[in-house]
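Read through the structure below, which is laid out as C-alpha cells, and then see the notes.
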Amino acid sequence: MRKTKTAIALTITTAALLVVGCSEKKTKAADPLADSGRTQRTENLLQSLKSLGDSSVYMFGHHDDTMYGIGWEADYENDSTVHVRSDVKSVCNDFPALLSFDLGHIELDDSVNLDGVPFQRMRKEIFAHYDRGGMVTLSWHLDNPLSGGTAWVADSLRDVETKTVAAVLDGGESHELFLSWLDKVADFINSLETPYGVKVPVLFRPWHEHTGSWFWWGQQHCTPEQYKALWRLTAERLKEKGVVNALYAYSPGTEPDGDETQYLERYPGDDIIDLMGLDCYCFAPNADTLQIARYAEQLDKNLTMVCAVAKKHQKAAALTETGYESIPQSDWWTQTLAPVLQKHPVSYVLVWRNAHNRPNHFYAPYPGQLSTADFIRFYNDSRTLFLHDLNGLY
Ligand code: BMA
C-alpha cells in the first residue's frame with residue numbers, strides 16, 4: 001500500500017491535465033502555445049517544478065532506469081512498454097517520478113546512444129513515462145566535433161580538444177558541423193509528439209559539470225563568455241528549429257563550493273535557464289564515514305547556495321546528479337542523503353545509472369543490494385515523490 005503524502009502544491013490547470021484516455025488518443029489533444037512560445041504543458045511543468053521548491057517534497061529520479069539494470073537489459077526489439085523493468089521498481093514497486101536519458105551520439109546519427117540505448121526505444125520510454133504521469137530529463141554527453149574524440153578531454157588530444165568551444169562558435173572551424181549536431185537534438189525533441197498530438201515536455205540539461213575540466217566545455221577549456229555563447233547558440237538554434245517543449249537546466253559541479261559568484265560566473269542568463277542545479281557525488285571508498293560526512297557537508301553547503309540563487313532568480317532548483325557508486329553504506333538513503341535534502345527546497349534528486357556491463361557502476365539499489373531495506377524506508381518517507389505520488393505535473 002502506498003504511503004500518504006503531504007499534499008503537493010502543484011499548479012494544475014484544466015488545460016494541463018494529462019490526456020491518456022484511449023478514446024482521446026484518437027483525436028488531436030489540445031497542445032496550445034503559451035506566451036513564452038513554448039507549449040502550455042511545458043510551462044505547467046516548470047510551474048510544477050517551482051511549486052515543488054515551495055514544498056517539503058521532492059521527486060526521485062534515476063538515469064536510464066527502464067533501459068537496463070543489474071543483470072538485465074531491456075529487450076529493445078520488443079515493442080511492449082507494459083512490462084517494463086526497472087531496478088527501482090523491483091525494489092519498491094514504483095517507478096521513479098523522473099526518468100533521465102542521454103542523447104550522446106545522436107549527433108553522429110547513430111541508432112544507439114553512447115551507453116548502447118537505442119534512440120527509438122528512448123523515444124518510446126519518454127512517451128510511456130509521460131503517459132504514466134512522470135517527468136523526463138535529457139543530458140547530452142556529445143562527442144568532440146573538433147577532434148572526433150569523446151565528450152571527455154583525452155590527454156593525447158588535449159591541445160586540440162581544449163579549443164573546441166571556440167571552434168563551435170560563430171566563425172569557428174567546427175561551427176557548421178556543430179549546428180548540424182544541434183539540429184539532430186532539435187529533431188529528436190521535436191519528434192517527441194505523441195500519436196494524440198502532444199509534444200512531451202522535457203528538461204534538457206546540456207553543458208553540465210562545466211566548473212570541472214573533464215569535458216571539452218569545461219572550465220579550463222573556454223572563457224566564461226565562450227561558455228555562455230555556447231549555451232545561447234544551443235538555446236537559440238533549438239528555438240529556431242521549432243522546439244517548443246524543452247526547459248533548460250544549468251548544472252555545475254561542486255567546484256564553486258558554495259560561492260555564489262563562482263556558481264554564476266558562467267551562467268548563461270535568466271532568459272535561457274529554467275532550473276538551477278548541482279551535480280555532487282559521494283566519493284567514499286570502503287564506506288569511509290569521514291568521507292561520507294564530508295559529502296553531506298559539501299552537499300548541504302552547495303545546496304544552500306544553489307537554492308538561494310535559484311530563489312533570487314525565480315528558477316526551479318534541483319540536485320541534478322548525485323549518488324554513491326555501489327552504495328556500500330546500508331543506510332545511505334535515509335541517514336546521509338535524505339537528511340540533507342529535507343533541509344533544501346529542491347524539486348528533485350536524480351541518481352545516476354545502474355550499468356549492466358560495468359561492474360559496480362550503479363547508483364540505485366536492486367533486489368538483494370545492501371541498501372534495499374533503507375531505500376524502501378526512503379521511498380516510504382512522506383517527502384520523497386515516486387511515480388504513484390504524482391498528480392498533474394503538466
Ligand atoms: C558517466 C558514466 C559513463 C557513461 C556516461 C554517460 O557518468 O556512467 O559510463 O557513459 O556517464 O551516461
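Chain labels follow the order of the C-alpha cells: the first chain is A, the next B, and so on; residue numbering restarts at 1 in every chain, and ligands are counted from 1 in their shown order.
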
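Using only C-alpha atoms and all ligand atoms, residues with at least one atom at most 9 Å away from any atom of ligand 1 are His63, Asp64, Phe101, Asp102, Leu103, Gly104, Asn113, Leu114, Asp115, Ser139, Trp140, His141, Trp352, Arg353, Asn354, Ala355, Arg358, His361 and Phe362 of chain A.
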
*asked:* I need the residues in range 109-160 of chain A that are strand (DSSP E) according to DSSP; give them as a PyMOL selection string.
replied: chain A and resi 135-139

*May I ask which of the residues A:Tyr295, A:Tyr366, A:Phe127, A:Trp216 is the closest one to Val340 in chain A, counting only C-alpha atoms?*
A:Tyr295

*Counting only C-alpha atoms, which of A:Leu99, A:Leu45, A:Leu387, A:Leu275 gets nearest to Val346 in chain A?*
A:Leu275

*Using only C-alpha atoms, which residue out of A:Thr336, A:Thr320, A:Thr194, A:Thr384 lies closest to Ala30 in chain A?*
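Selected residue with least distance to Ala30 in chain A: A:Thr194.
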
*asked:* With only C-alpha atoms as the counted atoms, please give the residues lying no more than 8 Å from range 308-315 of chain A, apart from itself and same-chain residues fewer than 2 positions off, as a ChimeraX atom specification.
replied: /A:50,260,270,273-276,304-306,317

Save out the residues we just selected, N, CA, C and O atoms, as a PDB file, in the first residue's frame.
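Writing done, so here's out.pdb:
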ATOM      1  N   LYS A  50       8.701  24.558  -9.864  1.00  0.00           N
ATOM      2  CA  LYS A  50       8.847  25.679  -8.930  1.00  0.00           C
ATOM      3  C   LYS A  50       8.003  25.447  -7.684  1.00  0.00           C
ATOM      4  O   LYS A  50       8.435  25.737  -6.565  1.00  0.00           O
ATOM      5  N   GLU A 260      28.487  31.902  -4.491  1.00  0.00           N
ATOM      6  CA  GLU A 260      27.507  32.324  -5.487  1.00  0.00           C
ATOM      7  C   GLU A 260      28.158  32.935  -6.736  1.00  0.00           C
ATOM      8  O   GLU A 260      27.742  32.666  -7.866  1.00  0.00           O
ATOM      9  N   ASP A 270      19.042  34.520 -17.318  1.00  0.00           N
ATOM     10  CA  ASP A 270      17.685  34.168 -16.898  1.00  0.00           C
ATOM     11  C   ASP A 270      16.757  33.915 -18.079  1.00  0.00           C
ATOM     12  O   ASP A 270      15.754  33.219 -17.945  1.00  0.00           O
ATOM     13  N   ILE A 273      17.789  29.968 -18.931  1.00  0.00           N
ATOM     14  CA  ILE A 273      17.734  28.879 -17.941  1.00  0.00           C
ATOM     15  C   ILE A 273      16.412  28.859 -17.164  1.00  0.00           C
ATOM     16  O   ILE A 273      15.897  29.904 -16.772  1.00  0.00           O
ATOM     17  N   ASP A 274      15.919  27.642 -16.946  1.00  0.00           N
ATOM     18  CA  ASP A 274      14.682  27.459 -16.171  1.00  0.00           C
ATOM     19  C   ASP A 274      14.933  26.844 -14.799  1.00  0.00           C
ATOM     20  O   ASP A 274      14.169  27.067 -13.867  1.00  0.00           O
ATOM     21  N   LEU A 275      15.970  26.038 -14.721  1.00  0.00           N
ATOM     22  CA  LEU A 275      16.223  25.331 -13.458  1.00  0.00           C
ATOM     23  C   LEU A 275      17.707  25.419 -13.125  1.00  0.00           C
ATOM     24  O   LEU A 275      18.555  25.242 -14.002  1.00  0.00           O
ATOM     25  N   MET A 276      18.008  25.722 -11.877  1.00  0.00           N
ATOM     26  CA  MET A 276      19.402  25.784 -11.442  1.00  0.00           C
ATOM     27  C   MET A 276      19.692  24.563 -10.583  1.00  0.00           C
ATOM     28  O   MET A 276      18.923  24.236  -9.678  1.00  0.00           O
ATOM     29  N   THR A 304      22.600  24.958  -0.164  1.00  0.00           N
ATOM     30  CA  THR A 304      22.182  26.204   0.491  1.00  0.00           C
ATOM     31  C   THR A 304      22.327  27.350  -0.500  1.00  0.00           C
ATOM     32  O   THR A 304      21.418  28.162  -0.694  1.00  0.00           O
ATOM     33  N   MET A 305      23.493  27.385  -1.152  1.00  0.00           N
ATOM     34  CA  MET A 305      23.756  28.462  -2.113  1.00  0.00           C
ATOM     35  C   MET A 305      22.880  28.309  -3.358  1.00  0.00           C
ATOM     36  O   MET A 305      22.232  29.270  -3.798  1.00  0.00           O
ATOM     37  N   VAL A 306      22.824  27.105  -3.935  1.00  0.00           N
ATOM     38  CA  VAL A 306      22.075  26.913  -5.184  1.00  0.00           C
ATOM     39  C   VAL A 306      20.598  27.292  -4.993  1.00  0.00           C
ATOM     40  O   VAL A 306      20.011  27.992  -5.821  1.00  0.00           O
ATOM     41  N   ALA A 317      14.868  24.633  -8.618  1.00  0.00           N
ATOM     42  CA  ALA A 317      16.180  24.150  -8.164  1.00  0.00           C
ATOM     43  C   ALA A 317      16.140  22.630  -8.034  1.00  0.00           C
ATOM     44  O   ALA A 317      15.089  22.047  -7.753  1.00  0.00           O
TER      45      ALA A 317
END

*asked:* Under the rule that only C-alpha atoms are counted, which of A:Gly148, A:Gly269, A:Pro96, A:Pro206 is the nearest residue to Leu108 in chain A?
replied: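 Under the stated criterion, the closest residue is A:Gly148.
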
Applying 12 Å and only C-alpha atoms, which residues near Tyr76 in chain A remain after dropping the ones on its own chain fewer than 5 positions away? List them as an mmCIF file with C-alpha atoms, in the first residue's frame.
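For reference, around_32.cif as written:
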data_model
loop_
_atom_site.group_PDB
_atom_site.id
_atom_site.type_symbol
_atom_site.label_atom_id
_atom_site.label_comp_id
_atom_site.auth_asym_id
_atom_site.auth_seq_id
_atom_site.Cartn_x
_atom_site.Cartn_y
_atom_site.Cartn_z
ATOM 1 C CA THR A 66 13.882 1.433 -17.595
ATOM 2 C CA MET A 67 16.631 0.610 -20.085
ATOM 3 C CA TYR A 68 18.850 -1.710 -18.099
ATOM 4 C CA THR A 81 6.186 -0.911 -22.731
ATOM 5 C CA VAL A 84 8.891 -2.507 -18.391
ATOM 6 C CA ARG A 85 11.563 -3.456 -15.932
ATOM 7 C CA SER A 111 20.936 4.460 -33.775
ATOM 8 C CA VAL A 112 22.102 3.874 -30.194
ATOM 9 C CA GLY A 116 24.015 1.399 -26.088
ATOM 10 C CA VAL A 117 20.438 2.642 -25.671
ATOM 11 C CA PRO A 118 18.559 2.834 -28.995
ATOM 12 C CA PHE A 119 17.112 6.296 -29.575
ATOM 13 C CA GLN A 120 13.902 4.774 -30.868
ATOM 14 C CA ARG A 121 13.422 2.945 -27.604
ATOM 15 C CA MET A 122 14.306 6.097 -25.688
ATOM 16 C CA ARG A 123 11.552 7.940 -27.513
ATOM 17 C CA LYS A 124 9.106 5.164 -26.647
ATOM 18 C CA GLU A 125 10.077 5.243 -22.989
#

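For the pair CA of Pro256 in chain A and CA of Gln226 in chain A, the interatomic distance is 18.6 Å.
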
*Using CA of Ala338 in chain A and CA of Leu98 in chain A as the two end points, give the distance in Å to one decimal.*
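Answer for the CA of Ala338 in chain A to CA of Leu98 in chain A separation: 17.0 Å.
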
*Å distance separating CA of Asp109 in chain A from CA of Leu157 in chain A, one decimal place*: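 Distance reported for this atom pair: 23.3 Å.
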
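For range 173-180 of chain A, the residues within 10 Å (counting only C-alpha atoms, excluding itself and residues fewer than 6 positions away along the chain) are Glu107, Leu108, Asn144, Pro145, Leu146, Ser147, Thr164, Val165, Ala166, Ala167, Ala186, Leu233, Thr234, Arg237 and Leu238 of chain A.
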
*Could you please write out, as an MDAnalysis selection string, every residue of range 36-192 of chain A that DSSP assigns to helix (DSSP H, G or I)?*
chainID A and resid 40:53 87:92 106:108 119:132 155:161 164:168 175:190

*Using only C-alpha atoms, which residue out of A:Phe95, A:Tyr248, A:Tyr281, A:Phe215 lies closest to Leu142 in chain A?*
A:Phe215
